[in-house]
Amino acid sequence: MNESRHESSSLPPLPTVPEPVPVAKPVIPASEEVRAAGAGAAAGGRLTSVALVIGGIISLQFGASVAVLLFPRAGALGVVTLRLVVAALVLMIACRPRVRGYGRGDWATIVAFGVALVGMNSLFYEAIDRIPLGAAVTLEFMGPLILSVVTSRRALSLLWAALALGGVALLGREGFDGLDPLGAGLALTAGALWAAYILLSSRTGQRFPQADGLALAMSVAALLSLPLGITSAGTALLDPVTIGLGAAVALLSSVTPYTLELLALRKLPASGFAVMMSLEPAAAATAGFLVLHQALGWAEVAAIGLVVLASVGAVRSAGRAGTG
């Protein structure tokens, strides 16, 4: 037994087999099909964002038409308060945003967004209490239009902005005669805050998940509007019919459009989004026709065609800039 062990240990060692050398796998470039699929996904994302914006615009303008009908009950500032308070409650319940883990810059964005919301809505409602809805929206649109020209780096955007401006001017051609100066000034100031809203909404969407930032900003706006609404409307804010109509305005004019726009701004650049806002006067004219029984003439129909063309062109240009 011991001899066999000795004999086995004296056997020559087996030859060492060298380990295989790893061979780098060649990098295969993406095929045309893969690149086409990626481009198609990006285009699909842009189309989804466009649909979100259009849905928000339609909802907002029909909400504004309902708000006009509510003015005799609660006044402009009272309607704004109802709208913002209800919208804040709905968003806070639906989103349940967390409030911890954010820095000063995040909260500064939320406060600024809330100030822009309450200022834009209050000034705009005061404007449409004095001048026609179509004219007020047309003047207010000057803010996003200027923003689109300032923020875009493509020369072609100037063409789309000019086309949109032509459509907006054509749409308000008959409505600008004899406007109340205060109402016109309020609409223009609301337009400046509208431009700030676009930028702040985009920044909020980047800093906060989902619609959490919007819910927090809407709460800030609601708190700021309460003193104004209570002073203006008083006990009218407690009327059940007024509360019901105010809730409808909140859902149409705040919750739905602002949520859709915040989601869309994660895919669309601010310049393209701003020019797409040229659909607002067209939507206002349509809502005025259906809800307030304001007739549409040939000029209004032509203006709608111009602003739609400008919006489509702006979005396509923004898409090429993002993929180029």
# chains A, B, ... in the order shown; residues from 1 in each chain; ligands from 1

$ residues_around --residues "range 92-105 of chain A" --least-positions-apart "3" --cutoff "8 Å" --atoms "only C-alpha atoms" --output "list in words"
Ala88, Leu89, Ala108, Thr109, Ala211, Asp212, Gly213, Ala215, Leu216 and Ser219 of chain A

$ select_by_dssp --residues "range 163-219 of chain A" --states "helix (DSSP H, G or I)" --output "number ranges by chain"
A: 163-171, 181-207, 212-219

$ residues_around --residues "Leu77 in chain A" --least-positions-apart "4" --cutoff "12 Å" --atoms "only C-alpha atoms" --output "PDB file with all heavy atoms, in the first residue's frame"
ATOM      1  N   ALA A  67     -66.088  79.539 -16.544  1.00  0.00           N
ATOM      2  CA  ALA A  67     -65.754  80.539 -15.538  1.00  0.00           C
ATOM      3  C   ALA A  67     -66.452  81.860 -15.818  1.00  0.00           C
ATOM      4  O   ALA A  67     -66.897  82.554 -14.886  1.00  0.00           O
ATOM      5  CB  ALA A  67     -64.239  80.746 -15.483  1.00  0.00           C
ATOM      6  N   VAL A  68     -66.555  82.236 -17.098  1.00  0.00           N
ATOM      7  CA  VAL A  68     -67.251  83.482 -17.451  1.00  0.00           C
ATOM      8  C   VAL A  68     -68.691  83.430 -16.974  1.00  0.00           C
ATOM      9  O   VAL A  68     -69.243  84.432 -16.474  1.00  0.00           O
ATOM     10  CB  VAL A  68     -67.172  83.715 -18.976  1.00  0.00           C
ATOM     11  CG1 VAL A  68     -68.057  84.894 -19.378  1.00  0.00           C
ATOM     12  CG2 VAL A  68     -65.734  83.982 -19.395  1.00  0.00           C
ATOM     13  N   LEU A  70     -69.716  81.912 -14.453  1.00  0.00           N
ATOM     14  CA  LEU A  70     -69.712  81.896 -12.988  1.00  0.00           C
ATOM     15  C   LEU A  70     -69.393  83.260 -12.377  1.00  0.00           C
ATOM     16  O   LEU A  70     -69.629  83.475 -11.184  1.00  0.00           O
ATOM     17  CB  LEU A  70     -68.697  80.859 -12.498  1.00  0.00           C
ATOM     18  CG  LEU A  70     -68.638  80.511 -11.013  1.00  0.00           C
ATOM     19  CD1 LEU A  70     -70.008  80.072 -10.502  1.00  0.00           C
ATOM     20  CD2 LEU A  70     -67.609  79.422 -10.767  1.00  0.00           C
ATOM     21  N   PHE A  71     -68.878  84.196 -13.166  1.00  0.00           N
ATOM     22  CA  PHE A  71     -68.486  85.500 -12.641  1.00  0.00           C
ATOM     23  C   PHE A  71     -69.611  86.233 -11.907  1.00  0.00           C
ATOM     24  O   PHE A  71     -69.360  86.854 -10.859  1.00  0.00           O
ATOM     25  CB  PHE A  71     -67.952  86.389 -13.768  1.00  0.00           C
ATOM     26  CG  PHE A  71     -66.546  86.041 -14.181  1.00  0.00           C
ATOM     27  CD1 PHE A  71     -66.006  86.585 -15.332  1.00  0.00           C
ATOM     28  CD2 PHE A  71     -65.761  85.176 -13.432  1.00  0.00           C
ATOM     29  CE1 PHE A  71     -64.709  86.271 -15.731  1.00  0.00           C
ATOM     30  CE2 PHE A  71     -64.477  84.849 -13.820  1.00  0.00           C
ATOM     31  CZ  PHE A  71     -63.946  85.401 -14.974  1.00  0.00           C
ATOM     32  N   PRO A  72     -70.854  86.218 -12.415  1.00  0.00           N
ATOM     33  CA  PRO A  72     -71.917  86.934 -11.685  1.00  0.00           C
ATOM     34  C   PRO A  72     -72.152  86.401 -10.281  1.00  0.00           C
ATOM     35  O   PRO A  72     -72.654  87.127  -9.419  1.00  0.00           O
ATOM     36  CB  PRO A  72     -73.147  86.716 -12.577  1.00  0.00           C
ATOM     37  CG  PRO A  72     -72.599  86.482 -13.936  1.00  0.00           C
ATOM     38  CD  PRO A  72     -71.329  85.728 -13.721  1.00  0.00           C
ATOM     39  N   ARG A  73     -71.786  85.162 -10.020  1.00  0.00           N
ATOM     40  CA  ARG A  73     -72.010  84.576  -8.710  1.00  0.00           C
ATOM     41  C   ARG A  73     -70.906  84.915  -7.706  1.00  0.00           C
ATOM     42  O   ARG A  73     -71.173  85.201  -6.542  1.00  0.00           O
ATOM     43  CB  ARG A  73     -72.123  83.052  -8.814  1.00  0.00           C
ATOM     44  CG  ARG A  73     -73.412  82.563  -9.441  1.00  0.00           C
ATOM     45  CD  ARG A  73     -73.434  81.047  -9.503  1.00  0.00           C
ATOM     46  NE  ARG A  73     -74.748  80.540  -9.883  1.00  0.00           N
ATOM     47  CZ  ARG A  73     -75.724  80.251  -9.029  1.00  0.00           C
ATOM     48  NH1 ARG A  73     -75.523  80.430  -7.729  1.00  0.00           N
ATOM     49  NH2 ARG A  73     -76.882  79.812  -9.447  1.00  0.00           N
ATOM     50  N   THR A  81     -60.091  81.743  -6.767  1.00  0.00           N
ATOM     51  CA  THR A  81     -59.861  81.062  -5.497  1.00  0.00           C
ATOM     52  C   THR A  81     -60.495  79.676  -5.482  1.00  0.00           C
ATOM     53  O   THR A  81     -59.863  78.694  -5.066  1.00  0.00           O
ATOM     54  CB  THR A  81     -60.419  81.901  -4.340  1.00  0.00           C
ATOM     55  OG1 THR A  81     -59.716  83.150  -4.294  1.00  0.00           O
ATOM     56  CG2 THR A  81     -60.256  81.184  -3.014  1.00  0.00           C
ATOM     57  N   LEU A  82     -61.752  79.585  -5.914  1.00  0.00           N
ATOM     58  CA  LEU A  82     -62.407  78.277  -5.984  1.00  0.00           C
ATOM     59  C   LEU A  82     -61.625  77.325  -6.878  1.00  0.00           C
ATOM     60  O   LEU A  82     -61.415  76.157  -6.531  1.00  0.00           O
ATOM     61  CB  LEU A  82     -63.836  78.435  -6.515  1.00  0.00           C
ATOM     62  CG  LEU A  82     -64.883  78.974  -5.546  1.00  0.00           C
ATOM     63  CD1 LEU A  82     -66.193  79.226  -6.282  1.00  0.00           C
ATOM     64  CD2 LEU A  82     -65.100  77.999  -4.400  1.00  0.00           C
ATOM     65  N   ARG A  83     -61.199  77.831  -8.004  1.00  0.00           N
ATOM     66  CA  ARG A  83     -60.475  77.003  -8.966  1.00  0.00           C
ATOM     67  C   ARG A  83     -59.176  76.479  -8.373  1.00  0.00           C
ATOM     68  O   ARG A  83     -58.873  75.281  -8.457  1.00  0.00           O
ATOM     69  CB  ARG A  83     -60.205  77.822 -10.226  1.00  0.00           C
ATOM     70  CG  ARG A  83     -59.242  77.197 -11.199  1.00  0.00           C
ATOM     71  CD  ARG A  83     -59.023  78.120 -12.381  1.00  0.00           C
ATOM     72  NE  ARG A  83     -57.887  77.683 -13.187  1.00  0.00           N
ATOM     73  CZ  ARG A  83     -57.496  78.295 -14.293  1.00  0.00           C
ATOM     74  NH1 ARG A  83     -58.147  79.361 -14.712  1.00  0.00           N
ATOM     75  NH2 ARG A  83     -56.461  77.845 -14.976  1.00  0.00           N
ATOM     76  N   LEU A  84     -58.401  77.347  -7.767  1.00  0.00           N
ATOM     77  CA  LEU A  84     -57.091  76.943  -7.257  1.00  0.00           C
ATOM     78  C   LEU A  84     -57.209  76.060  -6.017  1.00  0.00           C
ATOM     79  O   LEU A  84     -56.445  75.098  -5.857  1.00  0.00           O
ATOM     80  CB  LEU A  84     -56.246  78.179  -6.949  1.00  0.00           C
ATOM     81  CG  LEU A  84     -55.854  79.029  -8.159  1.00  0.00           C
ATOM     82  CD1 LEU A  84     -55.048  80.256  -7.718  1.00  0.00           C
ATOM     83  CD2 LEU A  84     -55.050  78.218  -9.176  1.00  0.00           C
ATOM     84  N   VAL A 118     -50.915  81.785  -9.442  1.00  0.00           N
ATOM     85  CA  VAL A 118     -51.961  82.651  -8.903  1.00  0.00           C
ATOM     86  C   VAL A 118     -51.980  83.985  -9.636  1.00  0.00           C
ATOM     87  O   VAL A 118     -53.066  84.544  -9.905  1.00  0.00           O
ATOM     88  CB  VAL A 118     -51.777  82.849  -7.386  1.00  0.00           C
ATOM     89  CG1 VAL A 118     -50.552  83.669  -7.057  1.00  0.00           C
ATOM     90  CG2 VAL A 118     -53.020  83.496  -6.776  1.00  0.00           C
ATOM     91  N   GLY A 119     -50.821  84.504 -10.006  1.00  0.00           N
ATOM     92  CA  GLY A 119     -50.791  85.773 -10.739  1.00  0.00           C
ATOM     93  C   GLY A 119     -51.372  85.648 -12.125  1.00  0.00           C
ATOM     94  O   GLY A 119     -52.180  86.485 -12.559  1.00  0.00           O
ATOM     95  N   MET A 120     -50.975  84.600 -12.851  1.00  0.00           N
ATOM     96  CA  MET A 120     -51.474  84.403 -14.214  1.00  0.00           C
ATOM     97  C   MET A 120     -52.984  84.226 -14.218  1.00  0.00           C
ATOM     98  O   MET A 120     -53.697  84.837 -15.041  1.00  0.00           O
ATOM     99  CB  MET A 120     -50.788  83.176 -14.817  1.00  0.00           C
ATOM    100  CG  MET A 120     -51.262  82.797 -16.202  1.00  0.00           C
ATOM    101  SD  MET A 120     -50.399  81.329 -16.840  1.00  0.00           S
ATOM    102  CE  MET A 120     -51.028  80.063 -15.714  1.00  0.00           C
ATOM    103  N   ASN A 121     -53.506  83.406 -13.323  1.00  0.00           N
ATOM    104  CA  ASN A 121     -54.940  83.139 -13.307  1.00  0.00           C
ATOM    105  C   ASN A 121     -55.734  84.359 -12.861  1.00  0.00           C
ATOM    106  O   ASN A 121     -56.777  84.683 -13.446  1.00  0.00           O
ATOM    107  CB  ASN A 121     -55.227  81.951 -12.382  1.00  0.00           C
ATOM    108  CG  ASN A 121     -54.861  80.627 -13.011  1.00  0.00           C
ATOM    109  OD1 ASN A 121     -55.524  80.156 -13.922  1.00  0.00           O
ATOM    110  ND2 ASN A 121     -53.794  80.019 -12.527  1.00  0.00           N
ATOM    111  N   SER A 122     -55.262  85.047 -11.834  1.00  0.00           N
ATOM    112  CA  SER A 122     -55.998  86.204 -11.329  1.00  0.00           C
ATOM    113  C   SER A 122     -56.067  87.318 -12.362  1.00  0.00           C
ATOM    114  O   SER A 122     -57.141  87.888 -12.616  1.00  0.00           O
ATOM    115  CB  SER A 122     -55.341  86.718 -10.038  1.00  0.00           C
ATOM    116  OG  SER A 122     -55.358  85.737  -9.027  1.00  0.00           O
ATOM    117  N   LEU A 123     -54.935  87.634 -12.977  1.00  0.00           N
ATOM    118  CA  LEU A 123     -54.914  88.703 -13.972  1.00  0.00           C
ATOM    119  C   LEU A 123     -55.733  88.345 -15.203  1.00  0.00           C
ATOM    120  O   LEU A 123     -56.434  89.188 -15.773  1.00  0.00           O
ATOM    121  CB  LEU A 123     -53.464  89.014 -14.367  1.00  0.00           C
ATOM    122  CG  LEU A 123     -52.597  89.623 -13.249  1.00  0.00           C
ATOM    123  CD1 LEU A 123     -51.165  89.789 -13.729  1.00  0.00           C
ATOM    124  CD2 LEU A 123     -53.170  90.959 -12.786  1.00  0.00           C
ATOM    125  N   PHE A 124     -55.648  87.072 -15.632  1.00  0.00           N
ATOM    126  CA  PHE A 124     -56.404  86.669 -16.813  1.00  0.00           C
ATOM    127  C   PHE A 124     -57.908  86.716 -16.550  1.00  0.00           C
ATOM    128  O   PHE A 124     -58.684  87.188 -17.401  1.00  0.00           O
ATOM    129  CB  PHE A 124     -55.991  85.258 -17.247  1.00  0.00           C
ATOM    130  CG  PHE A 124     -56.786  84.733 -18.405  1.00  0.00           C
ATOM    131  CD1 PHE A 124     -56.631  85.271 -19.671  1.00  0.00           C
ATOM    132  CD2 PHE A 124     -57.705  83.708 -18.225  1.00  0.00           C
ATOM    133  CE1 PHE A 124     -57.379  84.799 -20.740  1.00  0.00           C
ATOM    134  CE2 PHE A 124     -58.441  83.223 -19.286  1.00  0.00           C
ATOM    135  CZ  PHE A 124     -58.282  83.763 -20.551  1.00  0.00           C
ATOM    136  N   TYR A 125     -58.352  86.266 -15.384  1.00  0.00           N
ATOM    137  CA  TYR A 125     -59.779  86.290 -15.089  1.00  0.00           C
ATOM    138  C   TYR A 125     -60.289  87.721 -14.931  1.00  0.00           C
ATOM    139  O   TYR A 125     -61.424  88.028 -15.298  1.00  0.00           O
ATOM    140  CB  TYR A 125     -60.060  85.476 -13.823  1.00  0.00           C
ATOM    141  CG  TYR A 125     -60.261  83.999 -14.104  1.00  0.00           C
ATOM    142  CD1 TYR A 125     -59.592  83.379 -15.155  1.00  0.00           C
ATOM    143  CD2 TYR A 125     -61.101  83.219 -13.330  1.00  0.00           C
ATOM    144  CE1 TYR A 125     -59.754  82.044 -15.422  1.00  0.00           C
ATOM    145  CE2 TYR A 125     -61.285  81.872 -13.589  1.00  0.00           C
ATOM    146  CZ  TYR A 125     -60.606  81.283 -14.637  1.00  0.00           C
ATOM    147  OH  TYR A 125     -60.782  79.951 -14.898  1.00  0.00           O
ATOM    148  N   GLU A 126     -59.451  88.585 -14.364  1.00  0.00           N
ATOM    149  CA  GLU A 126     -59.830  89.992 -14.309  1.00  0.00           C
ATOM    150  C   GLU A 126     -59.923  90.582 -15.720  1.00  0.00           C
ATOM    151  O   GLU A 126     -60.766  91.452 -15.986  1.00  0.00           O
ATOM    152  CB  GLU A 126     -58.812  90.779 -13.482  1.00  0.00           C
ATOM    153  CG  GLU A 126     -58.905  90.533 -11.982  1.00  0.00           C
ATOM    154  CD  GLU A 126     -60.121  91.180 -11.362  1.00  0.00           C
ATOM    155  OE1 GLU A 126     -60.813  91.948 -12.033  1.00  0.00           O
ATOM    156  OE2 GLU A 126     -60.401  90.900 -10.171  1.00  0.00           O
ATOM    157  N   ALA A 127     -59.076  90.110 -16.628  1.00  0.00           N
ATOM    158  CA  ALA A 127     -59.105  90.601 -18.004  1.00  0.00           C
ATOM    159  C   ALA A 127     -60.376  90.159 -18.721  1.00  0.00           C
ATOM    160  O   ALA A 127     -61.051  90.969 -19.376  1.00  0.00           O
ATOM    161  CB  ALA A 127     -57.870  90.112 -18.762  1.00  0.00           C
ATOM    162  N   ILE A 128     -60.730  88.854 -18.621  1.00  0.00           N
ATOM    163  CA  ILE A 128     -61.906  88.376 -19.351  1.00  0.00           C
ATOM    164  C   ILE A 128     -63.202  88.839 -18.687  1.00  0.00           C
ATOM    165  O   ILE A 128     -64.286  88.656 -19.255  1.00  0.00           O
ATOM    166  CB  ILE A 128     -61.900  86.839 -19.505  1.00  0.00           C
ATOM    167  CG1 ILE A 128     -61.942  86.147 -18.148  1.00  0.00           C
ATOM    168  CG2 ILE A 128     -60.700  86.392 -20.306  1.00  0.00           C
ATOM    169  CD1 ILE A 128     -62.025  84.629 -18.249  1.00  0.00           C
ATOM    170  N   ASP A 129     -63.092  89.459 -17.504  1.00  0.00           N
ATOM    171  CA  ASP A 129     -64.255  90.103 -16.904  1.00  0.00           C
ATOM    172  C   ASP A 129     -64.499  91.466 -17.523  1.00  0.00           C
ATOM    173  O   ASP A 129     -65.585  92.054 -17.336  1.00  0.00           O
ATOM    174  CB  ASP A 129     -64.048  90.243 -15.394  1.00  0.00           C
ATOM    175  CG  ASP A 129     -65.332  90.556 -14.653  1.00  0.00           C
ATOM    176  OD1 ASP A 129     -66.415  90.178 -15.152  1.00  0.00           O
ATOM    177  OD2 ASP A 129     -65.263  91.174 -13.576  1.00  0.00           O
ATOM    178  N   ALA A 222     -53.038  78.319  -4.084  1.00  0.00           N
ATOM    179  CA  ALA A 222     -54.329  78.350  -3.398  1.00  0.00           C
ATOM    180  C   ALA A 222     -54.254  79.170  -2.116  1.00  0.00           C
ATOM    181  O   ALA A 222     -55.143  79.970  -1.813  1.00  0.00           O
ATOM    182  CB  ALA A 222     -54.787  76.922  -3.102  1.00  0.00           C
ATOM    183  N   LEU A 224     -52.178  81.584  -1.447  1.00  0.00           N
ATOM    184  CA  LEU A 224     -52.015  83.001  -1.787  1.00  0.00           C
ATOM    185  C   LEU A 224     -53.317  83.624  -2.282  1.00  0.00           C
ATOM    186  O   LEU A 224     -53.555  84.827  -2.094  1.00  0.00           O
ATOM    187  CB  LEU A 224     -50.936  83.148  -2.861  1.00  0.00           C
ATOM    188  CG  LEU A 224     -49.499  82.807  -2.439  1.00  0.00           C
ATOM    189  CD1 LEU A 224     -48.562  82.881  -3.649  1.00  0.00           C
ATOM    190  CD2 LEU A 224     -49.021  83.752  -1.350  1.00  0.00           C
ATOM    191  N   SER A 225     -54.170  82.830  -2.902  1.00  0.00           N
ATOM    192  CA  SER A 225     -55.405  83.374  -3.469  1.00  0.00           C
ATOM    193  C   SER A 225     -56.529  83.498  -2.450  1.00  0.00           C
ATOM    194  O   SER A 225     -57.495  84.243  -2.677  1.00  0.00           O
ATOM    195  CB  SER A 225     -55.876  82.495  -4.636  1.00  0.00           C
ATOM    196  OG  SER A 225     -56.362  81.249  -4.158  1.00  0.00           O
ATOM    197  N   LEU A 226     -56.443  82.774  -1.339  1.00  0.00           N
ATOM    198  CA  LEU A 226     -57.543  82.774  -0.369  1.00  0.00           C
ATOM    199  C   LEU A 226     -57.911  84.172   0.138  1.00  0.00           C
ATOM    200  O   LEU A 226     -59.099  84.529   0.150  1.00  0.00           O
ATOM    201  CB  LEU A 226     -57.195  81.855   0.804  1.00  0.00           C
ATOM    202  CG  LEU A 226     -57.567  80.386   0.640  1.00  0.00           C
ATOM    203  CD1 LEU A 226     -57.045  79.572   1.822  1.00  0.00           C
ATOM    204  CD2 LEU A 226     -59.077  80.219   0.516  1.00  0.00           C
ATOM    205  N   PRO A 227     -56.945  84.983   0.573  1.00  0.00           N
ATOM    206  CA  PRO A 227     -57.334  86.329   1.046  1.00  0.00           C
ATOM    207  C   PRO A 227     -58.029  87.150  -0.038  1.00  0.00           C
ATOM    208  O   PRO A 227     -58.989  87.884   0.259  1.00  0.00           O
ATOM    209  CB  PRO A 227     -55.996  86.958   1.453  1.00  0.00           C
ATOM    210  CG  PRO A 227     -55.080  85.804   1.691  1.00  0.00           C
ATOM    211  CD  PRO A 227     -55.501  84.753   0.722  1.00  0.00           C
ATOM    212  N   LEU A 228     -57.558  87.044  -1.278  1.00  0.00           N
ATOM    213  CA  LEU A 228     -58.173  87.806  -2.366  1.00  0.00           C
ATOM    214  C   LEU A 228     -59.592  87.341  -2.628  1.00  0.00           C
ATOM    215  O   LEU A 228     -60.508  88.155  -2.804  1.00  0.00           O
ATOM    216  CB  LEU A 228     -57.323  87.660  -3.633  1.00  0.00           C
ATOM    217  CG  LEU A 228     -55.876  88.151  -3.554  1.00  0.00           C
ATOM    218  CD1 LEU A 228     -55.132  87.829  -4.845  1.00  0.00           C
ATOM    219  CD2 LEU A 228     -55.844  89.652  -3.291  1.00  0.00           C
ATOM    220  N   GLY A 229     -59.786  86.025  -2.665  1.00  0.00           N
ATOM    221  CA  GLY A 229     -61.111  85.499  -2.956  1.00  0.00           C
ATOM    222  C   GLY A 229     -62.109  85.786  -1.856  1.00  0.00           C
ATOM    223  O   GLY A 229     -63.266  86.144  -2.127  1.00  0.00           O
ATOM    224  N   ILE A 230     -61.689  85.640  -0.599  1.00  0.00           N
ATOM    225  CA  ILE A 230     -62.596  85.895   0.528  1.00  0.00           C
ATOM    226  C   ILE A 230     -62.987  87.368   0.575  1.00  0.00           C
ATOM    227  O   ILE A 230     -64.153  87.726   0.805  1.00  0.00           O
ATOM    228  CB  ILE A 230     -61.945  85.451   1.846  1.00  0.00           C
ATOM    229  CG1 ILE A 230     -61.782  83.924   1.855  1.00  0.00           C
ATOM    230  CG2 ILE A 230     -62.764  85.913   3.040  1.00  0.00           C
ATOM    231  CD1 ILE A 230     -61.015  83.396   3.054  1.00  0.00           C
ATOM    232  N   THR A 231     -62.027  88.242   0.322  1.00  0.00           N
ATOM    233  CA  THR A 231     -62.316  89.676   0.326  1.00  0.00           C
ATOM    234  C   THR A 231     -63.269  90.053  -0.802  1.00  0.00           C
ATOM    235  O   THR A 231     -64.163  90.890  -0.630  1.00  0.00           O
ATOM    236  CB  THR A 231     -61.013  90.481   0.186  1.00  0.00           C
ATOM    237  OG1 THR A 231     -60.135  90.142   1.264  1.00  0.00           O
ATOM    238  CG2 THR A 231     -61.298  91.970   0.213  1.00  0.00           C
ATOM    239  N   SER A 232     -63.100  89.416  -1.957  1.00  0.00           N
ATOM    240  CA  SER A 232     -63.896  89.758  -3.130  1.00  0.00           C
ATOM    241  C   SER A 232     -65.291  89.144  -3.101  1.00  0.00           C
ATOM    242  O   SER A 232     -66.284  89.822  -3.366  1.00  0.00           O
ATOM    243  CB  SER A 232     -63.166  89.308  -4.396  1.00  0.00           C
ATOM    244  OG  SER A 232     -63.962  89.509  -5.537  1.00  0.00           O
ATOM    245  N   ALA A 233     -65.375  87.841  -2.780  1.00  0.00           N
ATOM    246  CA  ALA A 233     -66.648  87.131  -2.911  1.00  0.00           C
ATOM    247  C   ALA A 233     -67.357  86.928  -1.585  1.00  0.00           C
ATOM    248  O   ALA A 233     -68.587  86.804  -1.553  1.00  0.00           O
ATOM    249  CB  ALA A 233     -66.422  85.782  -3.583  1.00  0.00           C
ATOM    250  N   GLY A 234     -66.626  86.855  -0.476  1.00  0.00           N
ATOM    251  CA  GLY A 234     -67.253  86.667   0.833  1.00  0.00           C
ATOM    252  C   GLY A 234     -67.979  85.336   0.941  1.00  0.00           C
ATOM    253  O   GLY A 234     -67.480  84.284   0.545  1.00  0.00           O
ATOM    254  N   ALA A 236     -70.340  84.157  -0.739  1.00  0.00           N
ATOM    255  CA  ALA A 236     -70.735  83.534  -2.008  1.00  0.00           C
ATOM    256  C   ALA A 236     -69.917  82.287  -2.299  1.00  0.00           C
ATOM    257  O   ALA A 236     -70.364  81.390  -3.021  1.00  0.00           O
ATOM    258  CB  ALA A 236     -70.580  84.530  -3.148  1.00  0.00           C
ATOM    259  N   LEU A 237     -68.727  82.210  -1.721  1.00  0.00           N
ATOM    260  CA  LEU A 237     -67.879  81.040  -1.936  1.00  0.00           C
ATOM    261  C   LEU A 237     -68.439  79.793  -1.262  1.00  0.00           C
ATOM    262  O   LEU A 237     -67.987  78.680  -1.553  1.00  0.00           O
ATOM    263  CB  LEU A 237     -66.461  81.311  -1.404  1.00  0.00           C
ATOM    264  CG  LEU A 237     -65.673  82.418  -2.098  1.00  0.00           C
ATOM    265  CD1 LEU A 237     -64.329  82.603  -1.412  1.00  0.00           C
ATOM    266  CD2 LEU A 237     -65.482  82.089  -3.570  1.00  0.00           C
ATOM    267  N   GLY A 246     -67.468  75.900  -9.485  1.00  0.00           N
ATOM    268  CA  GLY A 246     -66.044  76.169  -9.282  1.00  0.00           C
ATOM    269  C   GLY A 246     -65.211  74.912  -9.362  1.00  0.00           C
ATOM    270  O   GLY A 246     -64.093  74.923  -9.882  1.00  0.00           O
TER     271      GLY A 246
END

$ closest_residue --among "A:Leu251, A:Ala299, A:Ala187, A:Ala87" --to "Leu133 in chain A" --atoms "only C-alpha atoms"
A:Ala187

$ closest_residue --among "A:Ala284, A:Ala264, A:Leu60, A:Val291" --to "Pro132 in chain A" --atoms "only C-alpha atoms"
A:Ala284

$ closest_residue --among "A:Leu186, A:Ala161, A:Ala221, A:Leu117" --to "Ser201 in chain A" --atoms "only C-alpha atoms"
A:Leu117

$ decode --residues "range 134-144 of chain A" --atoms "N, CA, C and O atoms" --output "PDB file, in the first residue's frame"
ATOM      1  N   GLY A 134     -61.847  85.873 -26.522  1.00  0.00           N
ATOM      2  CA  GLY A 134     -60.904  85.698 -27.627  1.00  0.00           C
ATOM      3  C   GLY A 134     -59.825  86.765 -27.653  1.00  0.00           C
ATOM      4  O   GLY A 134     -58.645  86.468 -27.869  1.00  0.00           O
ATOM      5  N   ALA A 135     -60.229  88.014 -27.422  1.00  0.00           N
ATOM      6  CA  ALA A 135     -59.252  89.097 -27.411  1.00  0.00           C
ATOM      7  C   ALA A 135     -58.282  88.961 -26.242  1.00  0.00           C
ATOM      8  O   ALA A 135     -57.080  89.199 -26.382  1.00  0.00           O
ATOM      9  N   ALA A 136     -58.795  88.549 -25.079  1.00  0.00           N
ATOM     10  CA  ALA A 136     -57.923  88.389 -23.906  1.00  0.00           C
ATOM     11  C   ALA A 136     -56.892  87.290 -24.131  1.00  0.00           C
ATOM     12  O   ALA A 136     -55.702  87.454 -23.820  1.00  0.00           O
ATOM     13  N   VAL A 137     -57.317  86.161 -24.666  1.00  0.00           N
ATOM     14  CA  VAL A 137     -56.388  85.058 -24.941  1.00  0.00           C
ATOM     15  C   VAL A 137     -55.374  85.463 -25.993  1.00  0.00           C
ATOM     16  O   VAL A 137     -54.194  85.100 -25.921  1.00  0.00           O
ATOM     17  N   THR A 138     -55.824  86.226 -26.993  1.00  0.00           N
ATOM     18  CA  THR A 138     -54.912  86.676 -28.046  1.00  0.00           C
ATOM     19  C   THR A 138     -53.811  87.561 -27.474  1.00  0.00           C
ATOM     20  O   THR A 138     -52.630  87.391 -27.787  1.00  0.00           O
ATOM     21  N   LEU A 139     -54.183  88.518 -26.627  1.00  0.00           N
ATOM     22  CA  LEU A 139     -53.190  89.387 -26.006  1.00  0.00           C
ATOM     23  C   LEU A 139     -52.287  88.601 -25.050  1.00  0.00           C
ATOM     24  O   LEU A 139     -51.070  88.825 -25.007  1.00  0.00           O
ATOM     25  N   GLU A 140     -52.877  87.687 -24.305  1.00  0.00           N
ATOM     26  CA  GLU A 140     -52.090  86.897 -23.364  1.00  0.00           C
ATOM     27  C   GLU A 140     -51.057  86.037 -24.080  1.00  0.00           C
ATOM     28  O   GLU A 140     -49.975  85.779 -23.552  1.00  0.00           O
ATOM     29  N   PHE A 141     -51.384  85.610 -25.285  1.00  0.00           N
ATOM     30  CA  PHE A 141     -50.471  84.742 -26.022  1.00  0.00           C
ATOM     31  C   PHE A 141     -49.167  85.441 -26.405  1.00  0.00           C
ATOM     32  O   PHE A 141     -48.179  84.779 -26.740  1.00  0.00           O
ATOM     33  N   MET A 142     -49.127  86.738 -26.334  1.00  0.00           N
ATOM     34  CA  MET A 142     -47.885  87.438 -26.677  1.00  0.00           C
ATOM     35  C   MET A 142     -46.718  86.979 -25.796  1.00  0.00           C
ATOM     36  O   MET A 142     -45.572  86.951 -26.240  1.00  0.00           O
ATOM     37  N   GLY A 143     -47.001  86.590 -24.560  1.00  0.00           N
ATOM     38  CA  GLY A 143     -45.935  86.116 -23.675  1.00  0.00           C
ATOM     39  C   GLY A 143     -45.268  84.856 -24.184  1.00  0.00           C
ATOM     40  O   GLY A 143     -44.049  84.818 -24.400  1.00  0.00           O
ATOM     41  N   PRO A 144     -46.027  83.758 -24.413  1.00  0.00           N
ATOM     42  CA  PRO A 144     -45.408  82.552 -24.966  1.00  0.00           C
ATOM     43  C   PRO A 144     -44.795  82.753 -26.343  1.00  0.00           C
ATOM     44  O   PRO A 144     -43.785  82.128 -26.670  1.00  0.00           O
TER      45      PRO A 144
END
